[in-house]
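In what follows, a structure is listed as structure tokens, so that the remarks can point back to it.
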Amino acid sequence: MGLACGPAHADRRVALIIGNSAYKSAPKLGNPVNDATLVGGMFKKAGFDSVDVRLDLSASEMRRMLREFAGRTRDADMAVIYYAGHGIELDGNNYLIPTDATLETDGDVLDETIPVERALFAVEPAKQLRLIILDACRDNPFAKTMKRTLASRAIGRGLAKVEPTSPNTMIAFAAKAGSTASDGDSRNSPFAVALVEHLPKPGLDLRKAFGFVRDDVLKTTGYKQEPYVYGSLGGDDVPLVAKQAATGPQANPQEAIRRDYELALQLATRDGWEAFLAAYPEGFYANLAKGQLNKIAAEETRASAEQKARAAEQEKARLMTERAQKAEQEKAAAAAKAAEEARIAAEKKKEIEQAKAEAAERERKAAEAAAAKALAEKQAAEKAKAELAAKQAAERAEQAAKPAADRQMPEVEQKVAALSPAPASTLSAADLTKSVQSELRRVGCLSASADGDWNAVSQRSLTLFNKYAGTQFDAKLASIDALDALKAKPGRVCPLVCNFGFKADGDQCVKITCRAGYRVGEDNECEKIQEKKPVAREESRRRDQDRKEAESTAAKPQASGQMICGSSGCRPIAKGCRLGSVPHPSNPSFKIPGEVCN
């Protein structure tokens, strides 16, 4: 209520939230509906004038919602669209996929989906800020089954980079262009959780808020998913929720209840405690008030018993004075005794209730002291966080003041550095090594697991990357520059090497299967099996005679006596050579029998 009614929220702010999970032609997504509900609640708590949350929309429903939202943005200062679900990139353009899309061919994308430009058109009338948040960078199942009507048409992985042309417009992706986002293992995706944590902070500029979102998602996903923001804003801070003017320390919500409780405690009457419970029927202080009422009830019971005992004593004295009959005197004495016992019991009950009330009062004071201590610790933590942010800002300013030679980097790199500061300064050596090993695995240069140990295998994999990527990084250590270069590669860099009898198929080796009458030859290709030609009987007799003569003749000293056979026949091993293993001509990693010479 305070966020909605403060003077800092005079500007009109509107938001449209869409979450698509129940796809008819693809497996159901678990998180988009939950993420849309969570983000929609965040905008409502932030005091937006209009927050429309829509779930599982068809193509016609999405078009209608965007058309109606465009009408609401005409008199708005800030317009926000959040979309969670499937998206697709076709020929460099991005499209949002409704739940009724089938996308049997690539041509269906133009008819069955909603272009992102349609969402940009809907927020364009807003005067101060136009913001689109796309949590749609998931691995798209439609792209795997979609038929291509044109072989050269490109269907990308994730979404394509977008550069808004309108001023004061930002487009936030859950993952960098060309990469996919993770839904995580919980009810909400890491991207949605980070948005709800940082965007509604009062007075926090959106660029810095999305920077915090990026840092949180990187840590949560083990540096595999990096959110990215496209577009630019002016020099002034643009927070989603304006910071309220400081009016002194904020009041504790329990402060008013505590004051009323202490006032009733001073009155110490039944009417006072009943009035307090009528105003505050539940909670910690209500339980204390009920204890005080029990204490008053015990006191009233004790006073009533004492009054009855006094009356019985007076009756006994009157009867004795009037020389009443013995039976009546005994009856009066028994009544007086019973009244005295009741008075004693009431006195004991009062003492018990008094002890309970005092114990409850001690617990109240201890709880208030603990709450005050927690509030002080929270304020100290916020102060330390603010000091750390100021220190980091000073360090960035100091880095910006380096000599001109350090600042003369390409303009594209300067823009990237301004939009997303590199997280290397906050990475430990083990985390940096794991990140570099993970990226080497992704580009096909490392087959071992990312264990954080920069051993000889990891060094050889970075050397392979230098060879095929044309870089010259020091392979003896994992560096930030190497990590950035690896992340810049969208796919495999090192070639896939397969053993003899296997061939590369995408990112894996598959066994070569030849049809009947063919076999895998020395060049690792299928070749026809040569039929054995019949040999004349005379040639056979002559060959037998030559063999007998060779056997009867003493072997020459230089002959090894070994033979080597191949597809062209058999021959003796040459002088000075021996039979051993040699690399396959087309696959050096595979060994075959061959002639080894010194």
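The way I read the labels, and the way they are meant: chains A, B, ... in the order of the structure tokens, residue 1 as the first residue of every chain, and ligand 1 as the first ligand shown, with later ones counted on from there.
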I'd like the contact shell of Tyr23 (chain A) - 6 Å cut-off, only C-alpha atoms, skipping same-chain residues fewer than 3 positions apart - returned as a PyMOL selection string.
chain A and resi 26+28+99
Output of the above residues as a PDB file, in the first residue's frame, restricted to N, CA and C atoms:
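Just written: selection.pdb:
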ATOM      1  N   ALA A  26       3.517 -29.992 -28.525  1.00  0.00           N
ATOM      2  CA  ALA A  26       4.844 -30.134 -27.925  1.00  0.00           C
ATOM      3  C   ALA A  26       4.675 -30.485 -26.450  1.00  0.00           C
ATOM      4  N   LYS A  28       4.495 -30.366 -22.486  1.00  0.00           N
ATOM      5  CA  LYS A  28       4.107 -29.257 -21.618  1.00  0.00           C
ATOM      6  C   LYS A  28       5.312 -28.730 -20.843  1.00  0.00           C
ATOM      7  N   THR A  99       0.116 -21.425 -27.811  1.00  0.00           N
ATOM      8  CA  THR A  99      -0.064 -22.824 -27.409  1.00  0.00           C
ATOM      9  C   THR A  99      -0.691 -23.671 -28.511  1.00  0.00           C
TER      10      THR A  99
END
Which residue out of A:Ile17, A:Ala70, A:Ala488, A:Met320 has the minimum interatomic distance to Arg54 (chain A) when only C-alpha atoms are used?
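So, comparing all the options, the nearest one is A:Ile17.
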Spatial neighbours of region 291-301 of chain A, max dist 9 Å, only C-alpha atoms, sep filter under 3 positions, as a list in words
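Skipping anything fewer than 3 positions along the chain leaves Leu265, Ala268, Thr269, Arg270, Trp273, Glu274, Ala286, Asn287, Leu288, Ser304, Ala305, Glu306, Arg343, Ala346, Glu347, Lys349, Lys350, Glu351, Ile352, Glu353, Gln354, Lys356, Ala357 and Ala360 of chain A.
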With a distance cut-off of 12 Å and only C-alpha atoms, select the neighbouring residues of Cys509 (chain A), excluding the residue or stretch itself and same-chain residues fewer than 3 positions from it, and output the selection as a list in words.
Pro495, Leu496, Val497, Cys498, Asn499, Phe500, Gly501, Phe502, Lys503, Ala504, Asp505, Gly506 and Ile512 of chain A
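With only C-alpha atoms as the basis for measurement, A:Gln128 is the residue among A:Ala22, A:Leu110, A:Ala36, A:Gln128 that approaches Thr73 (chain A) most closely.
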Show me, as a VMD selection string, the residues that have an atom within 7 Å of Asp205 (chain A) when counting only C-alpha atoms, minus same-chain residues fewer than 4 positions from it.
chain A and resid 209 237 to 239
Kindly export the residues of the current selection with C-alpha atoms, as a short mmCIF file (atom, residue, chain, number, x, y, z; two decimals), in the first residue's frame.
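The resulting file, out.cif, is reproduced below:
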data_model
loop_
_atom_site.label_atom_id
_atom_site.label_comp_id
_atom_site.auth_asym_id
_atom_site.auth_seq_id
_atom_site.Cartn_x
_atom_site.Cartn_y
_atom_site.Cartn_z
CA ALA A 209 19.02 -4.26 -11.63
CA ASP A 237 18.45 6.59 -13.53
CA VAL A 238 15.27 4.76 -14.59
CA PRO A 239 14.03 2.60 -11.68
#
As an exercise, work out the distance from CA of Asp523 (chain A) to CA of Arg571 (chain A) in Å and give it to one decimal place.
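It comes out at 20.7 Å.
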Which residues in region 88-179 of chain A does DSSP call strand (DSSP E)? List them as JSON, numbers by chain.
{"A": [88, 89, 90, 93, 94, 95, 96, 114, 115, 129, 130, 131, 132, 133, 134, 135, 169, 170, 171, 172, 173]}
Could you tell me which of A:Arg302, A:Lys383, A:Lys45, A:Arg460 comes closest to Glu341 (chain A) if we count only C-alpha atoms?
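Between A:Arg302, A:Lys383, A:Lys45, A:Arg460, the residue approaching Glu341 (chain A) most closely is A:Arg302.
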Report the residues of region 455-559 of chain A whose backbone DSSP state falls under alpha helix (DSSP H), written as a VMD selection string.
chain A and resid 456 to 469 480 to 487 537 to 552
Would you save the residues from that selection as a short mmCIF file (atom, residue, chain, number, x, y, z; two decimals), in the first residue's frame, using N, CA and C atoms?
data_model
loop_
_atom_site.label_atom_id
_atom_site.label_comp_id
_atom_site.auth_asym_id
_atom_site.auth_seq_id
_atom_site.Cartn_x
_atom_site.Cartn_y
_atom_site.Cartn_z
N ALA A 456 47.32 -31.81 -17.34
CA ALA A 456 47.88 -31.90 -18.69
C ALA A 456 46.79 -32.08 -19.74
N VAL A 457 45.71 -32.82 -19.40
CA VAL A 457 44.61 -33.01 -20.36
C VAL A 457 43.96 -31.68 -20.69
N SER A 458 43.71 -30.84 -19.65
CA SER A 458 43.11 -29.53 -19.89
C SER A 458 44.04 -28.65 -20.71
N GLN A 459 45.36 -28.71 -20.45
CA GLN A 459 46.31 -27.89 -21.21
C GLN A 459 46.32 -28.30 -22.68
N ARG A 460 46.28 -29.64 -22.94
CA ARG A 460 46.24 -30.08 -24.35
C ARG A 460 44.96 -29.62 -25.04
N SER A 461 43.82 -29.63 -24.30
CA SER A 461 42.56 -29.20 -24.92
C SER A 461 42.61 -27.71 -25.27
N LEU A 462 43.21 -26.85 -24.41
CA LEU A 462 43.33 -25.44 -24.74
C LEU A 462 44.29 -25.23 -25.92
N THR A 463 45.35 -26.07 -26.01
CA THR A 463 46.26 -26.00 -27.16
C THR A 463 45.52 -26.33 -28.45
N LEU A 464 44.63 -27.36 -28.42
CA LEU A 464 43.81 -27.68 -29.60
C LEU A 464 42.92 -26.50 -29.98
N PHE A 465 42.31 -25.86 -28.95
CA PHE A 465 41.46 -24.70 -29.24
C PHE A 465 42.27 -23.59 -29.92
N ASN A 466 43.49 -23.32 -29.42
CA ASN A 466 44.34 -22.30 -30.06
C ASN A 466 44.60 -22.65 -31.51
N LYS A 467 44.81 -23.96 -31.80
CA LYS A 467 45.14 -24.39 -33.15
C LYS A 467 43.98 -24.14 -34.11
N TYR A 468 42.77 -24.53 -33.71
CA TYR A 468 41.63 -24.46 -34.64
C TYR A 468 40.91 -23.12 -34.57
N ALA A 469 41.05 -22.37 -33.47
CA ALA A 469 40.39 -21.07 -33.37
C ALA A 469 41.32 -19.92 -33.76
N ILE A 480 40.89 -15.45 -17.89
CA ILE A 480 39.60 -14.79 -18.21
C ILE A 480 39.49 -14.56 -19.72
N ASP A 481 40.60 -14.18 -20.37
CA ASP A 481 40.55 -13.93 -21.81
C ASP A 481 40.19 -15.21 -22.56
N ALA A 482 40.75 -16.35 -22.12
CA ALA A 482 40.41 -17.61 -22.77
C ALA A 482 38.93 -17.94 -22.57
N LEU A 483 38.40 -17.68 -21.35
CA LEU A 483 36.97 -17.94 -21.08
C LEU A 483 36.08 -17.09 -21.98
N ASP A 484 36.42 -15.80 -22.15
CA ASP A 484 35.61 -14.93 -23.02
C ASP A 484 35.67 -15.40 -24.46
N ALA A 485 36.87 -15.82 -24.93
CA ALA A 485 36.99 -16.29 -26.31
C ALA A 485 36.19 -17.57 -26.52
N LEU A 486 36.19 -18.46 -25.54
CA LEU A 486 35.41 -19.70 -25.65
C LEU A 486 33.91 -19.42 -25.69
N LYS A 487 33.45 -18.49 -24.83
CA LYS A 487 32.00 -18.17 -24.80
C LYS A 487 31.56 -17.53 -26.12
N ARG A 537 45.80 -74.06 -64.21
CA ARG A 537 46.46 -75.17 -63.53
C ARG A 537 47.97 -75.15 -63.77
N GLU A 538 48.37 -74.69 -64.93
CA GLU A 538 49.80 -74.65 -65.24
C GLU A 538 50.50 -73.62 -64.37
N GLU A 539 49.86 -72.49 -64.20
CA GLU A 539 50.43 -71.45 -63.34
C GLU A 539 50.51 -71.93 -61.90
N SER A 540 49.52 -72.72 -61.48
CA SER A 540 49.54 -73.24 -60.12
C SER A 540 50.71 -74.20 -59.93
N ARG A 541 50.96 -75.11 -60.97
CA ARG A 541 52.07 -76.04 -60.86
C ARG A 541 53.40 -75.31 -60.85
N ARG A 542 53.53 -74.24 -61.67
CA ARG A 542 54.78 -73.50 -61.71
C ARG A 542 55.01 -72.77 -60.38
N ARG A 543 53.95 -72.25 -59.79
CA ARG A 543 54.10 -71.56 -58.52
C ARG A 543 54.51 -72.54 -57.41
N ASP A 544 53.96 -73.78 -57.48
CA ASP A 544 54.35 -74.79 -56.50
C ASP A 544 55.82 -75.17 -56.66
N GLN A 545 56.25 -75.27 -57.93
CA GLN A 545 57.65 -75.60 -58.18
C GLN A 545 58.57 -74.50 -57.67
N ASP A 546 58.20 -73.24 -57.91
CA ASP A 546 59.01 -72.12 -57.43
C ASP A 546 59.07 -72.11 -55.91
N ARG A 547 57.96 -72.44 -55.28
CA ARG A 547 57.94 -72.44 -53.81
C ARG A 547 58.85 -73.52 -53.26
N LYS A 548 58.84 -74.72 -53.91
CA LYS A 548 59.71 -75.80 -53.45
C LYS A 548 61.17 -75.43 -53.62
N GLU A 549 61.50 -74.81 -54.77
CA GLU A 549 62.88 -74.40 -54.98
C GLU A 549 63.31 -73.36 -53.95
N ALA A 550 62.39 -72.44 -53.63
CA ALA A 550 62.72 -71.41 -52.63
C ALA A 550 62.93 -72.02 -51.26
N GLU A 551 62.14 -73.05 -50.94
CA GLU A 551 62.28 -73.68 -49.64
C GLU A 551 63.57 -74.48 -49.55
N SER A 552 63.97 -75.09 -50.71
CA SER A 552 65.20 -75.88 -50.69
C SER A 552 66.44 -75.02 -50.74
#
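Distance annotation: of A:Val520, A:Cys137, A:Leu96, A:Ala381, the residue with the minimal separation from Asp111 (chain A) is A:Leu96; atom set is only C-alpha atoms.
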